[in-house]
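A.B. asks: Handing you this structure, nothing more for now.
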Amino acid sequence: MMMSPVEFFKTLPKKMCPECGQPVKEQAESYLMECDRCLSKKSE
Ligand SMILES: [Zn+2]
């Protein structure tokens, strides 16, 4: 039996932005915890 994609992602711990609590997109080259929105705020 194959796991559906939804079930598969449910088993993964979601990365959350500590600043705003939004789910952060997993990026292979990203080592940062904050989401894009908070990162752009900080760079201003
Ligand atoms: Zn954020």
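Just so we're on the same page: first chain in the structure tokens is A, next is B, and so on; residues restart at 1 for each chain, and ligands are numbered from 1 in the order they show up.
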How would you write, as JSON, numbers by chain, the set of residues no farther than 12 Å from ligand 1 when counting only C-alpha atoms and all ligand atoms?
C.D. replies: {"A": [15, 16, 17, 18, 19, 20, 21, 22, 23, 24, 25, 32, 33, 34, 35, 36, 37, 38, 39, 40, 41, 42]}
A.B. asks: Only N, CA and C atoms, please: the residues just picked out, written as an mmCIF file, in the first residue's frame.
C.D. replies:
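Written file, out.cif:
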data_model
loop_
_atom_site.group_PDB
_atom_site.id
_atom_site.type_symbol
_atom_site.label_atom_id
_atom_site.label_comp_id
_atom_site.auth_asym_id
_atom_site.auth_seq_id
_atom_site.Cartn_x
_atom_site.Cartn_y
_atom_site.Cartn_z
ATOM 1 N N LYS A 15 8.212 22.789 9.837
ATOM 2 C CA LYS A 15 9.067 23.883 10.277
ATOM 3 C C LYS A 15 8.219 25.128 10.413
ATOM 4 N N MET A 16 8.287 25.748 11.565
ATOM 5 C CA MET A 16 7.503 26.952 11.782
ATOM 6 C C MET A 16 8.423 28.146 11.984
ATOM 7 N N CYS A 17 8.003 29.268 11.446
ATOM 8 C CA CYS A 17 8.755 30.497 11.656
ATOM 9 C C CYS A 17 8.584 30.942 13.102
ATOM 10 N N PRO A 18 9.671 31.134 13.844
ATOM 11 C CA PRO A 18 9.572 31.556 15.247
ATOM 12 C C PRO A 18 9.077 32.986 15.389
ATOM 13 N N GLU A 19 9.134 33.746 14.324
ATOM 14 C CA GLU A 19 8.719 35.148 14.373
ATOM 15 C C GLU A 19 7.209 35.279 14.266
ATOM 16 N N CYS A 20 6.612 34.637 13.259
ATOM 17 C CA CYS A 20 5.192 34.848 12.991
ATOM 18 C C CYS A 20 4.379 33.560 13.089
ATOM 19 N N GLY A 21 5.050 32.421 13.225
ATOM 20 C CA GLY A 21 4.333 31.164 13.383
ATOM 21 C C GLY A 21 3.845 30.555 12.088
ATOM 22 N N GLN A 22 4.228 31.142 10.987
ATOM 23 C CA GLN A 22 3.839 30.606 9.695
ATOM 24 C C GLN A 22 4.696 29.384 9.373
ATOM 25 N N PRO A 23 4.115 28.422 8.663
ATOM 26 C CA PRO A 23 4.926 27.300 8.200
ATOM 27 C C PRO A 23 5.983 27.768 7.220
ATOM 28 N N VAL A 24 7.208 27.297 7.424
ATOM 29 C CA VAL A 24 8.320 27.716 6.570
ATOM 30 C C VAL A 24 8.554 26.650 5.509
ATOM 31 N N LYS A 25 8.709 27.117 4.297
ATOM 32 C CA LYS A 25 8.986 26.191 3.206
ATOM 33 C C LYS A 25 10.362 25.572 3.380
ATOM 34 N N LEU A 32 18.056 28.962 7.245
ATOM 35 C CA LEU A 32 17.430 29.946 8.106
ATOM 36 C C LEU A 32 16.098 29.435 8.611
ATOM 37 N N MET A 33 15.726 29.878 9.810
ATOM 38 C CA MET A 33 14.499 29.423 10.444
ATOM 39 C C MET A 33 13.302 30.283 10.058
ATOM 40 N N GLU A 34 13.542 31.562 9.794
ATOM 41 C CA GLU A 34 12.432 32.472 9.551
ATOM 42 C C GLU A 34 11.874 32.305 8.139
ATOM 43 N N CYS A 35 10.618 32.695 7.976
ATOM 44 C CA CYS A 35 10.001 32.643 6.665
ATOM 45 C C CYS A 35 10.477 33.824 5.820
ATOM 46 N N ASP A 36 10.141 33.788 4.550
ATOM 47 C CA ASP A 36 10.615 34.826 3.630
ATOM 48 C C ASP A 36 10.186 36.220 4.081
ATOM 49 N N ARG A 37 8.959 36.280 4.626
ATOM 50 C CA ARG A 37 8.423 37.574 5.019
ATOM 51 C C ARG A 37 9.263 38.203 6.132
ATOM 52 N N CYS A 38 9.560 37.405 7.152
ATOM 53 C CA CYS A 38 10.329 37.932 8.282
ATOM 54 C C CYS A 38 11.767 38.213 7.874
ATOM 55 N N LEU A 39 12.304 37.410 6.977
ATOM 56 C CA LEU A 39 13.667 37.643 6.520
ATOM 57 C C LEU A 39 13.761 38.963 5.787
ATOM 58 N N SER A 40 12.769 39.260 4.959
ATOM 59 C CA SER A 40 12.810 40.507 4.201
ATOM 60 C C SER A 40 12.620 41.699 5.125
ATOM 61 N N LYS A 41 11.858 41.494 6.203
ATOM 62 C CA LYS A 41 11.699 42.569 7.184
ATOM 63 C C LYS A 41 13.022 42.890 7.854
ATOM 64 N N LYS A 42 13.758 41.819 8.179
ATOM 65 C CA LYS A 42 15.011 42.016 8.900
ATOM 66 C C LYS A 42 16.061 42.692 8.035
#
